[in-house]
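Below: coords-v7.txt (compact mmCIF, C-alpha atoms and all ligand atoms)
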```
# COMPACT_ATOMS: atom_id res chain seq x y z
CA MET A 300 -52.34 -130.81 43.28
CA ALA A 301 -51.27 -127.18 43.43
CA LYS A 302 -51.90 -125.12 40.31
CA ILE A 303 -48.77 -123.87 38.57
CA TYR A 304 -48.93 -120.61 36.64
CA TYR A 305 -46.77 -119.96 33.59
CA ASP A 306 -46.07 -116.88 31.43
CA SER A 307 -49.00 -117.85 29.21
CA ASP A 308 -51.39 -117.44 32.20
CA ALA A 309 -50.32 -113.84 32.75
CA ASP A 310 -51.11 -110.70 30.75
CA LEU A 311 -48.70 -107.80 31.23
CA ASN A 312 -51.30 -105.42 29.73
CA VAL A 313 -53.13 -105.60 33.06
CA LEU A 314 -50.35 -103.38 34.42
CA LYS A 315 -50.65 -100.77 31.65
CA GLY A 316 -50.81 -97.25 33.09
CA LYS A 317 -50.38 -98.45 36.67
CA THR A 318 -47.90 -96.75 38.99
CA ILE A 319 -45.85 -99.34 40.82
CA VAL A 320 -44.21 -98.37 44.09
CA PHE A 321 -41.54 -100.39 45.85
CA PHE A 322 -41.14 -99.91 49.56
CA GLY A 323 -37.49 -100.92 49.92
CA PHE A 324 -34.59 -101.45 47.52
CA GLY A 325 -32.76 -104.19 49.43
CA ASN A 326 -32.29 -107.85 48.68
CA GLN A 327 -35.65 -108.44 46.96
CA GLY A 328 -36.59 -104.84 46.14
CA ALA A 329 -33.54 -104.16 43.96
CA ALA A 330 -33.91 -107.46 42.09
CA GLN A 331 -37.66 -107.30 41.53
CA ALA A 332 -37.72 -103.62 40.48
CA GLN A 333 -35.01 -104.19 37.88
CA ASN A 334 -36.67 -107.35 36.54
CA LEU A 335 -40.00 -105.55 36.30
CA ARG A 336 -38.45 -102.68 34.34
CA ASP A 337 -36.60 -105.06 32.04
CA SER A 338 -39.93 -106.80 31.37
CA GLY A 339 -41.20 -103.58 29.80
CA ILE A 340 -42.82 -101.67 32.66
CA PRO A 341 -41.89 -98.03 31.88
CA ASN A 342 -39.31 -96.55 34.23
CA GLU A 343 -41.50 -93.49 34.81
CA LYS A 344 -44.22 -95.75 36.24
CA ILE A 345 -41.86 -97.20 38.88
CA ILE A 346 -41.12 -95.37 42.13
CA ILE A 347 -38.74 -96.57 44.80
CA ALA A 348 -39.64 -95.36 48.30
CA ASN A 349 -36.60 -95.46 50.55
CA ARG A 350 -35.03 -93.52 53.37
CA GLU A 351 -32.11 -91.30 52.35
CA ASP A 352 -29.16 -93.69 52.49
CA ASN A 353 -27.09 -96.21 50.53
CA TYR A 354 -30.09 -98.19 49.27
CA ALA A 355 -31.53 -94.95 47.87
CA VAL A 356 -28.18 -94.09 46.28
CA ASP A 357 -28.07 -97.55 44.69
CA ALA A 358 -31.60 -97.18 43.30
CA LYS A 359 -30.78 -93.73 41.84
CA SER A 360 -27.55 -95.04 40.31
CA LYS A 361 -29.63 -97.70 38.53
CA GLY A 362 -31.80 -94.98 37.02
CA PHE A 363 -34.89 -95.28 39.25
CA THR A 364 -36.98 -92.42 40.59
CA VAL A 365 -36.53 -92.42 44.37
CA TRP A 366 -38.86 -90.74 46.83
CA HIS A 367 -38.04 -90.48 50.51
CA ASP A 368 -41.60 -89.66 51.55
CA PHE A 369 -43.39 -93.02 51.94
CA ALA A 370 -46.81 -91.40 52.42
CA LYS A 371 -46.47 -89.42 49.18
CA ALA A 372 -45.45 -92.58 47.32
CA ALA A 373 -48.43 -94.46 48.81
CA GLU A 374 -50.82 -91.82 47.46
CA VAL A 375 -49.84 -92.47 43.83
CA ALA A 376 -49.45 -96.26 44.06
CA ASP A 377 -51.71 -98.56 42.07
CA VAL A 378 -49.44 -101.41 43.15
CA ILE A 379 -47.26 -101.38 46.22
CA PHE A 380 -44.56 -103.98 46.78
CA LEU A 381 -43.72 -104.30 50.49
CA LEU A 382 -40.08 -105.28 50.28
CA ILE A 383 -38.75 -104.05 53.59
CA PRO A 384 -37.88 -106.45 56.44
CA ASP A 385 -40.91 -108.33 57.83
CA GLN A 386 -40.47 -106.98 61.36
CA VAL A 387 -40.70 -103.32 60.26
CA GLN A 388 -43.57 -103.78 57.78
CA PRO A 389 -46.47 -103.27 60.25
CA ARG A 390 -45.01 -100.01 61.60
CA VAL A 391 -44.11 -98.58 58.18
CA PHE A 392 -47.18 -99.81 56.27
CA ASN A 393 -49.84 -99.03 58.88
CA ALA A 394 -48.52 -95.45 59.12
CA ILE A 395 -49.32 -94.84 55.44
CA THR A 396 -52.24 -97.19 54.81
CA SER A 397 -54.80 -94.38 54.97
CA LYS A 398 -53.00 -92.70 52.03
CA LEU A 399 -53.40 -95.68 49.71
CA LYS A 400 -56.03 -95.75 46.97
CA ASP A 401 -59.15 -97.83 47.69
CA THR A 402 -58.24 -100.03 44.71
CA ALA A 403 -54.51 -100.40 45.43
CA ALA A 404 -52.89 -103.83 45.11
CA ILE A 405 -50.59 -104.64 48.01
CA VAL A 406 -47.92 -107.25 47.31
CA VAL A 407 -45.96 -109.08 49.99
CA ALA A 408 -43.07 -111.49 49.44
CA SER A 409 -43.64 -113.40 52.67
CA GLY A 410 -46.87 -114.55 54.30
CA TYR A 411 -46.06 -113.66 57.91
CA ASN A 412 -47.61 -110.22 58.38
CA VAL A 413 -50.72 -110.98 56.32
CA PHE A 414 -51.34 -114.36 57.95
CA PHE A 415 -51.02 -112.89 61.44
CA LYS A 416 -53.20 -109.89 60.42
CA LEU A 417 -50.56 -107.32 61.35
CA LEU A 418 -51.23 -105.08 58.33
CA ASN A 419 -54.34 -102.94 57.95
CA PHE A 420 -56.05 -103.17 54.56
CA ARG A 421 -59.36 -101.92 53.24
CA PRO A 422 -61.77 -104.57 51.90
CA THR A 423 -61.76 -102.90 48.47
CA GLN A 424 -58.01 -103.43 48.04
CA ASP A 425 -56.23 -106.45 46.55
CA VAL A 426 -53.78 -108.26 48.80
CA THR A 427 -51.47 -110.67 47.04
CA MET A 428 -48.36 -112.67 47.80
CA VAL A 429 -45.58 -113.09 45.24
CA ALA A 430 -42.91 -114.86 47.22
CA PRO A 431 -39.69 -115.92 45.45
CA ARG A 432 -38.02 -118.96 47.02
CA MET A 433 -34.63 -117.42 46.26
CA ILE A 434 -32.40 -114.69 47.57
CA GLY A 435 -32.63 -111.40 45.66
CA SER A 436 -29.31 -111.75 43.85
CA SER A 437 -30.52 -115.06 42.35
CA VAL A 438 -33.90 -113.53 41.44
CA ARG A 439 -31.93 -111.00 39.41
CA SER A 440 -29.20 -113.23 37.97
CA LEU A 441 -31.62 -115.98 36.87
CA TYR A 442 -33.81 -113.36 35.17
CA GLU A 443 -30.76 -111.93 33.38
CA LYS A 444 -29.92 -115.43 32.14
CA GLY A 445 -33.46 -115.75 30.76
CA LYS A 446 -34.36 -118.33 33.40
CA GLY A 447 -37.14 -118.40 35.96
CA PHE A 448 -37.02 -119.09 39.68
CA PRO A 449 -39.35 -120.91 42.08
CA CYS A 450 -42.01 -118.65 43.53
CA PHE A 451 -45.29 -118.88 45.46
CA VAL A 452 -48.25 -116.77 44.39
CA SER A 453 -51.60 -116.15 46.06
CA VAL A 454 -54.49 -113.73 46.27
CA GLU A 455 -55.49 -113.24 49.89
CA GLN A 456 -58.07 -110.53 49.32
CA ASP A 457 -59.65 -109.83 45.95
CA GLY A 458 -61.08 -106.37 46.57
CA THR A 459 -61.17 -105.29 42.94
CA GLY A 460 -62.15 -108.66 41.46
CA ASN A 461 -58.99 -108.42 39.38
CA GLY A 462 -56.53 -109.55 42.06
CA LEU A 463 -55.38 -112.76 40.39
CA ALA A 464 -54.78 -111.11 37.01
CA VAL A 465 -52.68 -108.40 38.71
CA ALA A 466 -50.77 -110.93 40.83
CA LEU A 467 -49.97 -113.07 37.78
CA ALA A 468 -48.95 -110.08 35.68
CA LEU A 469 -46.61 -108.92 38.46
CA SER A 470 -45.24 -112.46 38.85
CA ARG A 471 -44.54 -112.59 35.13
CA ALA A 472 -42.95 -109.13 35.17
CA ILE A 473 -40.48 -110.10 37.89
CA GLY A 474 -39.70 -113.33 36.03
CA ALA A 475 -41.47 -115.76 38.36
CA THR A 476 -43.81 -117.46 35.89
CA LYS A 477 -41.08 -118.48 33.44
CA THR A 478 -40.54 -121.87 35.06
CA GLY A 479 -43.84 -121.84 36.92
CA ALA A 480 -45.18 -120.00 39.97
CA ILE A 481 -46.92 -122.32 42.43
CA ALA A 482 -50.36 -121.34 43.74
CA SER A 483 -50.03 -121.09 47.50
CA SER A 484 -51.36 -119.03 50.40
CA VAL A 485 -49.96 -116.94 53.23
CA ARG A 486 -51.03 -119.76 55.59
CA GLU A 487 -49.07 -122.36 53.67
CA GLU A 488 -46.01 -120.14 53.21
CA THR A 489 -45.96 -119.09 56.87
CA ALA A 490 -46.57 -122.62 58.13
CA MET A 491 -43.72 -124.08 56.07
CA ASP A 492 -41.31 -121.22 56.72
CA LEU A 493 -41.79 -121.01 60.49
CA PHE A 494 -42.06 -124.77 60.87
CA ALA A 495 -38.71 -125.23 59.12
CA GLU A 496 -37.18 -122.54 61.33
CA GLN A 497 -38.69 -123.70 64.61
CA GLY A 498 -39.21 -127.44 64.07
CA LEU A 499 -36.90 -128.89 61.46
CA TRP A 500 -33.69 -126.86 61.77
CA PRO A 501 -33.55 -126.73 65.58
CA ASN A 502 -33.66 -130.53 65.52
CA ILE A 503 -30.90 -130.65 62.92
CA ILE A 504 -28.78 -128.27 65.01
CA MET A 505 -29.46 -130.41 68.09
CA LEU A 506 -28.53 -133.62 66.23
CA PHE A 507 -25.21 -132.13 65.11
CA ARG A 508 -24.53 -130.81 68.63
CA GLU A 509 -25.18 -134.16 70.30
CA ALA A 510 -23.40 -136.17 67.59
CA TYR A 511 -20.36 -133.94 68.05
CA SER A 512 -20.28 -134.55 71.81
CA VAL A 513 -20.69 -138.32 71.49
CA LEU A 514 -17.87 -138.59 68.94
CA LYS A 515 -15.66 -136.22 70.94
CA GLU A 516 -16.14 -138.40 74.01
CA ALA A 517 -15.18 -141.42 71.89
CA GLY A 518 -11.79 -139.79 71.22
CA CYS A 519 -12.33 -137.99 67.89
CA SER A 520 -10.42 -134.72 67.56
CA ASP A 521 -12.07 -131.35 67.03
CA GLU A 522 -10.16 -131.00 63.76
CA ALA A 523 -11.44 -134.30 62.40
CA LEU A 524 -14.99 -133.71 63.62
CA VAL A 525 -15.35 -130.21 62.22
CA TYR A 526 -14.16 -131.33 58.79
CA GLU A 527 -16.07 -134.59 58.83
CA MET A 528 -19.36 -133.04 59.86
CA TRP A 529 -19.61 -129.80 57.84
CA MET A 530 -16.40 -127.98 56.89
CA SER A 531 -15.74 -130.43 54.05
CA LYS A 532 -19.03 -129.10 52.61
CA GLU A 533 -20.28 -132.67 52.22
CA PRO A 534 -23.71 -131.80 53.73
CA ALA A 535 -24.02 -128.93 51.23
CA GLU A 536 -23.17 -131.31 48.37
CA ILE A 537 -25.75 -133.83 49.60
CA PHE A 538 -28.52 -131.21 49.53
CA GLU A 539 -27.34 -129.95 46.13
CA ALA A 540 -27.60 -133.50 44.77
CA ALA A 541 -30.99 -133.96 46.50
CA ALA A 542 -32.33 -130.92 44.62
CA GLU A 543 -30.86 -132.08 41.31
CA GLU A 544 -31.51 -135.82 41.45
CA GLY A 545 -33.96 -136.55 44.24
CA PHE A 546 -33.93 -136.67 48.02
CA ILE A 547 -33.52 -140.45 48.20
CA LYS A 548 -31.85 -141.08 44.84
CA GLN A 549 -28.84 -138.90 45.68
CA LEU A 550 -27.76 -141.63 48.11
CA LYS A 551 -26.53 -143.57 45.08
CA HIS A 552 -23.45 -141.31 45.07
CA HIS A 553 -22.36 -142.79 48.37
CA SER A 554 -20.58 -146.10 49.03
CA SER A 555 -22.64 -149.26 49.50
CA VAL A 556 -21.69 -149.25 53.19
CA SER A 557 -23.01 -145.71 53.47
CA GLN A 558 -26.21 -146.37 51.47
CA TYR A 559 -27.02 -149.44 53.55
CA GLY A 560 -26.26 -147.65 56.81
CA GLN A 561 -28.32 -144.58 55.98
CA LEU A 562 -31.38 -146.28 54.48
CA ASN A 563 -31.55 -149.10 56.99
CA GLY A 564 -30.83 -146.77 59.91
CA ALA A 565 -33.52 -144.26 58.92
CA LEU A 566 -36.14 -146.97 58.40
CA LYS A 567 -35.40 -148.46 61.81
CA LEU A 568 -35.92 -145.15 63.63
CA ASP A 569 -39.38 -144.71 65.08
CA GLY A 570 -40.74 -141.29 64.09
CA THR A 571 -43.71 -141.30 66.47
CA ALA A 572 -42.19 -139.01 69.12
CA ILE A 573 -40.73 -136.54 66.65
CA ARG A 574 -44.00 -136.44 64.71
CA ALA A 575 -45.84 -135.49 67.90
CA HIS A 576 -43.18 -132.86 68.63
CA PHE A 577 -43.47 -131.45 65.08
CA LYS A 578 -47.27 -131.25 65.39
CA GLU A 579 -46.91 -129.42 68.67
CA ILE A 580 -44.60 -126.86 67.02
CA LEU A 581 -46.82 -126.47 63.95
CA TYR A 582 -50.21 -126.15 65.66
CA ASN A 583 -49.42 -124.86 69.14
CA GLN A 584 -46.52 -122.56 68.38
CA VAL A 585 -46.68 -121.48 64.72
CA LEU A 586 -50.27 -121.53 63.44
CA ASN A 587 -51.92 -120.44 66.70
CA GLY A 588 -49.78 -117.26 66.74
CA LYS A 589 -47.91 -118.10 69.98
CA PHE A 590 -44.49 -117.58 68.38
CA GLN A 591 -45.62 -114.40 66.61
CA LYS A 592 -46.68 -112.86 69.93
CA GLU A 593 -43.46 -113.99 71.62
CA PHE A 594 -41.37 -112.52 68.80
CA THR A 595 -43.33 -109.24 68.72
CA ALA A 596 -42.65 -108.88 72.47
CA ILE A 597 -38.86 -109.11 72.00
CA GLU A 598 -38.32 -107.59 68.54
CA ASP A 599 -37.55 -104.06 69.73
CA ALA A 600 -34.77 -105.50 71.90
CA LEU A 601 -33.10 -106.89 68.76
CA GLU A 602 -31.82 -103.35 68.10
CA LEU A 603 -29.90 -103.33 71.43
CA GLN A 604 -26.19 -104.02 71.87
CA GLY A 605 -24.55 -106.76 73.96
CA ASP A 606 -26.43 -109.02 76.37
CA ALA A 607 -29.50 -106.79 76.31
CA ASN A 608 -30.15 -108.17 72.81
CA PRO A 609 -31.87 -111.58 73.15
CA LEU A 610 -30.31 -112.81 69.91
CA ASN A 611 -26.81 -112.10 71.26
CA GLN A 612 -27.68 -114.13 74.37
CA LEU A 613 -28.82 -117.07 72.23
CA TYR A 614 -25.59 -116.94 70.17
CA LYS A 615 -23.52 -116.85 73.37
CA LYS A 616 -25.31 -119.85 74.85
CA SER A 617 -25.13 -121.85 71.61
CA GLU A 618 -21.42 -121.17 71.24
CA GLU A 619 -20.81 -122.57 74.74
CA SER A 620 -21.64 -126.09 73.46
CA GLU A 621 -18.85 -128.58 72.81
CA LEU A 622 -19.46 -128.16 69.08
CA GLY A 623 -19.27 -124.35 69.35
CA GLN A 624 -16.09 -124.41 71.44
CA GLY A 625 -14.43 -127.09 69.28
CA GLU A 626 -15.12 -125.21 66.08
CA LYS A 627 -13.77 -121.99 67.61
CA ARG A 628 -10.48 -123.73 68.47
CA VAL A 629 -10.13 -125.25 65.00
CA ARG A 630 -10.93 -122.04 63.16
CA ALA A 631 -8.48 -120.06 65.33
CA ARG A 632 -5.77 -122.65 64.65
CA LEU A 633 -6.39 -122.43 60.91
CA GLY A 634 -6.39 -118.63 61.02
CA LEU A 635 -10.06 -118.44 60.03
CA SER A 636 -12.30 -115.80 61.59
P1 LIG B 1 -33.92 -106.27 53.14
O1 LIG B 1 -33.42 -106.46 54.53
O2 LIG B 1 -32.95 -106.47 52.04
O3 LIG B 1 -34.59 -104.83 53.02
C1 LIG B 1 -33.83 -103.74 53.01
C2 LIG B 1 -34.71 -102.61 52.52
O4 LIG B 1 -35.66 -102.27 53.52
C3 LIG B 1 -33.86 -101.41 52.26
O5 LIG B 1 -34.40 -100.70 51.19
C4 LIG B 1 -34.01 -100.67 53.57
O6 LIG B 1 -33.77 -99.31 53.39
C5 LIG B 1 -35.49 -100.90 53.88
N1 LIG B 1 -35.77 -100.71 55.31
C6 LIG B 1 -35.20 -101.35 56.35
N2 LIG B 1 -35.71 -100.90 57.52
C7 LIG B 1 -36.62 -99.95 57.19
C8 LIG B 1 -37.48 -99.12 57.94
N3 LIG B 1 -37.53 -99.18 59.29
N4 LIG B 1 -38.28 -98.25 57.27
C9 LIG B 1 -38.25 -98.19 55.93
N5 LIG B 1 -37.46 -98.96 55.15
C10 LIG B 1 -36.66 -99.84 55.78
O7 LIG B 1 -35.24 -107.14 52.95
P2 LIG B 1 -35.42 -108.40 52.04
O8 LIG B 1 -35.38 -108.00 50.62
O9 LIG B 1 -34.55 -109.51 52.52
O10 LIG B 1 -36.92 -108.81 52.43
C11 LIG B 1 -38.03 -108.10 51.91
C12 LIG B 1 -39.21 -109.04 51.89
O11 LIG B 1 -38.91 -110.13 51.02
C13 LIG B 1 -39.53 -109.66 53.25
O12 LIG B 1 -40.91 -109.81 53.37
C14 LIG B 1 -38.86 -111.03 53.16
O13 LIG B 1 -39.46 -112.01 54.01
C15 LIG B 1 -39.10 -111.36 51.70
N6 LIG B 1 -38.21 -112.34 51.12
C16 LIG B 1 -36.88 -112.23 51.31
C17 LIG B 1 -36.02 -113.16 50.74
C18 LIG B 1 -34.54 -113.03 50.90
O14 LIG B 1 -33.84 -113.83 50.32
N7 LIG B 1 -34.02 -112.05 51.62
C19 LIG B 1 -36.53 -114.29 49.95
C20 LIG B 1 -37.95 -114.22 49.71
C21 LIG B 1 -38.75 -113.31 50.31
P3 LIG B 1 -33.17 -98.37 54.56
O15 LIG B 1 -32.39 -99.23 55.50
O16 LIG B 1 -32.36 -97.44 53.78
O17 LIG B 1 -34.34 -97.76 55.16
```
Target encoding structure tokens, full file:
Amino acid sequence: MAKIYYDSDADLNVLKGKTIVFFGFGNQGAAQAQNLRDSGIPNEKIIIANREDNYAVDAKSKGFTVWHDFAKAAEVADVIFLLIPDQVQPRVFNAITSKLKDTAAIVVASGYNVFFKLLNFRPTQDVTMVAPRMIGSSVRSLYEKGKGFPCFVSVEQDGTGNGLAVALALSRAIGATKTGAIASSVREETAMDLFAEQGLWPNIIMLFREAYSVLKEAGCSDEALVYEMWMSKEPAEIFEAAAEEGFIKQLKHHSSVSQYGQLNGALKLDGTAIRAHFKEILYNQVLNGKFQKEFTAIEDALELQGDANPLNQLYKKSEESELGQGEKRVRARLGLS
């Protein structure tokens, strides 16, 4: 059973006198910095490092001290939150890592770069993960309502011997231990995240794509299919109910015909082939670093325009499917973009 940490496990005094630097004031950075300050960390001990643009303007308008020189900010940091996009972290962090104190605590909100060893740390430093399972706006709004949010916490390198105390104090300060922060690891977080993205959801997309084509061939209209399958928001409601009441129990909201069809149908399906496929994705694509290397090789091209950008090519190909074309027709007819 995973350990769950609550406010009572964390001592904010551990952070007393420490200078806390945020690299980035985006989705997570803006939310976590504000929560931390509202938890009593003095404003003068918080520095936002950001390039000179709208994010910096936003941070200044919220009363934060903003520095544009990342290296200078690294020099004074006792704690550094890496809250810039995952794909730019190695370039930005490794350029300033020599400026960091030997005893600095480095905090990531995602396991990816630490698990794949893309960031350069010194053995004397603490490396921790405090990873909210929520978008930044919810991290902020739940904190403002006095509520917590689900979060993973781990110490990956305990250079100072005080890594866990610092990680828990930071988790409490951003509001993550209010309803319980789950002890995890960068391996677990990365495995689950990338597996969902590369194993689970591609299969769900494929199932919808094929189901659409089969029903279209059977004479169903695009209009009916698009509404029936997702535009009614029924799938969203099902997952909402699954979170509230239970993954299986939510079925009780459906008709008896539906409950019987779903439960009996799922039990009859043989999962052997998909289990083998999932294991292949998890071990031979995610955990062995194959995907990470593949992604690193194409990531610079993601800045390009048009077909030179591999993501644009994937969108184009996906939209060529019957589902993609059908939805396009329906949305155009309804005047939706
Ligand atoms: P954002 O995309 O919101 O980050 C934007 C911030 O990063 C801005 O301050 C931006 O400033 C800065 N930034 C972008 N590019 C660069 C660059 N090349 N050099 C310096 N700064 C840069 O990131 P998120 O908040 O979404 O993600 C941050 C971390 O949190 C990631 O590790 C992510 O995996 C994790 N996370 C995200 C969640 C989410 O819901 N988004 C949920 C849980 C974890 P500017 O452009 O001005 O330079």
Could you list, as a PyMOL selection string, all protein and nucleic acid residues with an atom at most 10 Å from ligand LIG 1 (chain B), counting all atoms listed in the file?
chain A and resi 321-331+347-358+367+369+380-392+406-412+428-438+450-451+492
Take the point (-21.9, -128.1, 58.5) in the file's coordinates, draw a sphere of radius 12 Å around it, and report as number ranges by chain every protein, DNA or RNA residue with an atom inside or on it, counting all atoms listed in the file.
A: 503-504, 506-508, 511, 524-538, 622-623, 626
Given the point (-49.0, -111.8, 36.2) in the coordinates of this file, which residues lie within 10 Å, counting all atoms listed in the file, and how would they look as a list in words?
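Counting all atoms listed in the file, I find these residues within 10 Å of (-49.0, -111.8, 36.2): Tyr304, Tyr305, Asp306, Ser307, Asp308, Ala309, Asp310, Leu311, Asn312, Val313, Leu314, Val429, Val452, Gly462, Leu463, Ala464, Val465, Ala466, Leu467, Ala468, Leu469, Ser470, Arg471, Ala472, Ile473, Gly474, Ala475, Thr476 and Ala480 of chain A.
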Contact table region 414-484 of chain A vs region 575-597 of chain A, cut-off 12 Å, shortest pair per residue, only C-alpha atoms, as JSON lines:
```
{"residue": "A:Phe414", "atom": "CA", "partner": "A:Leu586", "partner_atom": "CA", "distance": 9.1}
{"residue": "A:Phe415", "atom": "CA", "partner": "A:Gly588", "partner_atom": "CA", "distance": 7.0}
{"residue": "A:Lys416", "atom": "CA", "partner": "A:Gly588", "partner_atom": "CA", "distance": 10.3}
{"residue": "A:Leu417", "atom": "CA", "partner": "A:Gln591", "partner_atom": "CA", "distance": 10.1}
```
Rounded to one decimal place, report the CA of Pro422 (chain A)-CA of Lys317 (chain A) distance in Å.
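Straight-line distance from CA of Pro422 (chain A) to CA of Lys317 (chain A) works out to 20.0 Å.
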Which residue is closest to Ala370 (chain A)? Choose from A:Lys398, A:Lys548, A:Asn563, A:Glu516 and count all atoms listed in the file.
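Closest residue, counting all atoms listed in the file: A:Lys398.
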What is the distance, in Å and to one decimal place, between CA of Ser440 (chain A) and CA of Gln333 (chain A)?
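Result for CA of Ser440 (chain A) versus CA of Gln333 (chain A): 10.7 Å, one decimal.
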Calculated over only C-alpha atoms, which of the candidates A:Met300, A:Leu514, A:Ile547, A:Ile573 has the smallest distance to Gly498 (chain A)?
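Looking only at the distances to Gly498 (chain A), the closest residue turns out to be A:Ile573.
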Can you work out the spacing between CA of Thr318 (chain A) and CA of Tyr442 (chain A) in Å, to one decimal?
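Value for the CA of Thr318 (chain A)-CA of Tyr442 (chain A) distance: 22.1 Å.
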Produce the centre coordinates and the three edge lengths, each in Å to one decimal, of the box along x, y and z that contains all listed atoms of region 595-613 of chain A with 8 Å added on each side, as lines of an AutoDock Vina configuration file.
```
center_x = -33.9
center_y = -110.2
center_z = 72.2
size_x = 34.8
size_y = 29.7
size_z = 24.3
```
Considering only C-alpha atoms, state which residue in the set A:Val413, A:Phe448, A:Ser555, A:Leu550 is at the smallest distance from Thr489 (chain A).
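Using only C-alpha atoms, the shortest distance to Thr489 (chain A) belongs to A:Val413.
Of the residues under consideration (A:Ile481, A:Val320, A:Ile346, A:Leu566), A:Ile481 shows the shortest atom-to-atom contact distance to Ser453 (chain A) when counting only C-alpha atoms.
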